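Colleague: I am attaching a structure below and will ask some questions about it afterwards.
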Amino acid sequence: MARRTRERILDTALTMFNAQGEPNVTTNHIADELEISPGNLYYHFRNKDDIVEHLFTAYEARMDQALAVPADRLPNLEDVWLQLHLVFECMWDYRFLYRDLVDILSRNRKLKLHFARMLNRAATSANDVLKGLAEASILRSGPAEIRAIAENVLLITTFWLNFNAVRNARPDPDPEDLSQGIHQVMLLIAPFLRDAERAHLTTLAQAYRR
């Protein structure tokens, strides 16, 4: 029963953070939504930062899975598509982290360090995938270009939801934003592909256009 209550608190907090923004939700709001006492909530979590840290742990584990690259073969364009799909899905499910990224990280040094490490892992993963594409003669670029492409992929992916929200003058992201983000990132590598692979990538990317 206690485990179930703990899971319900995390699930409810995640839903409320995503919908309202983490700074706008208090532990009392979460307790009210669950129809439990604040004391019951504090039995499971010390404070709101404790809840955020547990949600971040789940997010980080899922992102690590999304960033995995093939271990027994060179990657292909379908791997790029799948990895981006999984990464953007994870970002959407934990979008409050990106919506309130600066605010959350400025208050919590532990999360700031963990997020920085996660970004470094993401950069390494992107670099490894692009290097693998080059080794498979799918991508035509040298080490310096690969590093730059990987950095641009990371930059656009990390801030895409915020960028699109500001550009479209609305406070909340939309699921369509993810499709546009995947399309944008996929086309980053298009100029560096051989003609046949470039046509294939364009076909894959078409699924994410409005």
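In the structure tokens, the first chain shown is A, the next is B, and so on; residue numbers restart at 1 for each chain, and ligands run from 1 in the order shown.
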Sorted by chain and rising residue number, list the residues of stretch 63-115 of chain A at most 12 Å from stretch 194-201 of chain A (counting only C-alpha atoms), each with its closest atom pair and distance in Å to one decimal, as JSON lines.

Modeller:
{"residue": "A:Asn76", "atom": "CA", "partner": "A:Glu197", "partner_atom": "CA", "distance": 9.5}
{"residue": "A:Leu77", "atom": "CA", "partner": "A:Leu201", "partner_atom": "CA", "distance": 6.8}
{"residue": "A:Glu78", "atom": "CA", "partner": "A:Leu201", "partner_atom": "CA", "distance": 8.7}
{"residue": "A:Asp79", "atom": "CA", "partner": "A:Leu201", "partner_atom": "CA", "distance": 11.3}
{"residue": "A:Val80", "atom": "CA", "partner": "A:Leu201", "partner_atom": "CA", "distance": 9.5}
{"residue": "A:Trp81", "atom": "CA", "partner": "A:Leu201", "partner_atom": "CA", "distance": 8.8}

Colleague: Emit the selected residues as a CSV table (one decimal), in the first residue's frame, including N, CA and C atoms.

Modeller:
chain,number,residue,atom,x,y,z
A,76,ASN,N,22.7,2.5,-38.7
A,76,ASN,CA,22.1,2.9,-40.0
A,76,ASN,C,21.1,4.1,-39.8
A,77,LEU,N,20.5,4.5,-40.8
A,77,LEU,CA,19.6,5.7,-40.7
A,77,LEU,C,18.4,5.3,-39.8
A,78,GLU,N,17.9,4.1,-39.9
A,78,GLU,CA,16.8,3.7,-39.1
A,78,GLU,C,17.2,3.8,-37.6
A,79,ASP,N,18.4,3.6,-37.2
A,79,ASP,CA,18.9,3.8,-35.8
A,79,ASP,C,18.8,5.2,-35.4
A,80,VAL,N,19.1,6.1,-36.4
A,80,VAL,CA,19.0,7.6,-36.1
A,80,VAL,C,17.5,7.9,-35.8
A,81,TRP,N,16.7,7.4,-36.7
A,81,TRP,CA,15.2,7.7,-36.5
A,81,TRP,C,14.7,7.2,-35.2

Colleague: Enumerate the residues of stretch 68-121 of chain A with a DSSP assignment of helix (DSSP H, G or I), computed from the backbone, and present them as JSON, numbers by chain.

Modeller: {"A": [77, 78, 79, 80, 81, 82, 83, 84, 85, 86, 87, 88, 89, 90, 91, 92, 93, 95, 96, 97, 98, 99, 101, 102, 103, 104, 105, 106, 107, 109, 110, 111, 112, 113, 114, 115, 116, 117, 118, 119, 120, 121]}

Colleague: If we count only C-alpha atoms and set the cut-off at 9 Å, which residues sit around A:Ile156, ignoring sequence neighbours fewer than 4 positions away in its own chain? Please answer as an NGL selection string.

Modeller: :A and (151-152 or 160 or 163 or 181 or 184-185)

Colleague: For the residues in the current selection, export N, CA and C atoms as a PDB file, in the first residue's frame.

Modeller:
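Printed below is selection14.pdb as written:
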ATOM      1  N   GLU A 151      27.091  18.243 -31.752  1.00  0.00           N
ATOM      2  CA  GLU A 151      26.804  19.362 -30.842  1.00  0.00           C
ATOM      3  C   GLU A 151      25.522  20.081 -31.260  1.00  0.00           C
ATOM      4  N   ASN A 152      25.332  20.262 -32.558  1.00  0.00           N
ATOM      5  CA  ASN A 152      24.120  20.911 -33.043  1.00  0.00           C
ATOM      6  C   ASN A 152      22.881  20.061 -32.788  1.00  0.00           C
ATOM      7  N   TRP A 160      14.517  22.527 -28.063  1.00  0.00           N
ATOM      8  CA  TRP A 160      13.495  22.611 -29.097  1.00  0.00           C
ATOM      9  C   TRP A 160      12.118  22.994 -28.539  1.00  0.00           C
ATOM     10  N   PHE A 163      12.107  26.658 -27.584  1.00  0.00           N
ATOM     11  CA  PHE A 163      12.197  27.485 -28.786  1.00  0.00           C
ATOM     12  C   PHE A 163      10.857  27.558 -29.507  1.00  0.00           C
ATOM     13  N   GLY A 181      10.492  18.762 -34.248  1.00  0.00           N
ATOM     14  CA  GLY A 181      11.846  18.661 -33.717  1.00  0.00           C
ATOM     15  C   GLY A 181      12.608  17.497 -34.315  1.00  0.00           C
ATOM     16  N   GLN A 184      13.497  18.352 -37.837  1.00  0.00           N
ATOM     17  CA  GLN A 184      14.584  19.336 -37.882  1.00  0.00           C
ATOM     18  C   GLN A 184      15.936  18.684 -37.634  1.00  0.00           C
ATOM     19  N   VAL A 185      15.996  17.807 -36.646  1.00  0.00           N
ATOM     20  CA  VAL A 185      17.272  17.161 -36.306  1.00  0.00           C
ATOM     21  C   VAL A 185      17.703  16.191 -37.390  1.00  0.00           C
TER      22      VAL A 185
END

Colleague: Restricting the calculation to only C-alpha atoms, which member of A:Arg46, A:Phe159, A:Leu193, A:Leu188 is positioned closest to A:Ser141?

Modeller: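 Among the listed residues, A:Leu193 lies closest to A:Ser141.
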
Colleague: Could you name the residues that touch A:Asp174 at 9 Å or less, counting only C-alpha atoms, but leaving out those on the same chain fewer than 3 positions away, as an mmCIF file with N, CA, C and O atoms, in the first residue's frame?

Modeller:
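Full text of result_39.cif as output:
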data_model
loop_
_atom_site.group_PDB
_atom_site.id
_atom_site.type_symbol
_atom_site.label_atom_id
_atom_site.label_comp_id
_atom_site.auth_asym_id
_atom_site.auth_seq_id
_atom_site.Cartn_x
_atom_site.Cartn_y
_atom_site.Cartn_z
ATOM 1 N N LEU A 161 11.707 22.364 -27.449
ATOM 2 C CA LEU A 161 10.376 22.645 -26.903
ATOM 3 C C LEU A 161 10.253 24.105 -26.485
ATOM 4 O O LEU A 161 9.236 24.759 -26.754
ATOM 5 N N ALA A 165 7.881 26.969 -28.292
ATOM 6 C CA ALA A 165 6.868 27.644 -27.481
ATOM 7 C C ALA A 165 7.006 29.154 -27.611
ATOM 8 O O ALA A 165 6.019 29.875 -27.757
ATOM 9 N N ASP A 177 4.990 19.616 -31.744
ATOM 10 C CA ASP A 177 6.336 20.166 -31.617
ATOM 11 C C ASP A 177 7.394 19.072 -31.716
ATOM 12 O O ASP A 177 8.498 19.297 -32.225
ATOM 13 N N LEU A 178 7.066 17.886 -31.196
ATOM 14 C CA LEU A 178 8.020 16.781 -31.224
ATOM 15 C C LEU A 178 8.275 16.340 -32.652
ATOM 16 O O LEU A 178 9.419 16.088 -33.041
#

Colleague: In Å, with one decimal, what is the gap from atom CA of A:Val52 to atom CA of A:Phe96?

Modeller: 10.0 Å

Colleague: How far is it from atom CA of A:Leu187 to atom CA of A:Gln65, in Å with one decimal?

Modeller: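 So the two atoms, atom CA of A:Leu187 and atom CA of A:Gln65, lie 23.3 Å apart.
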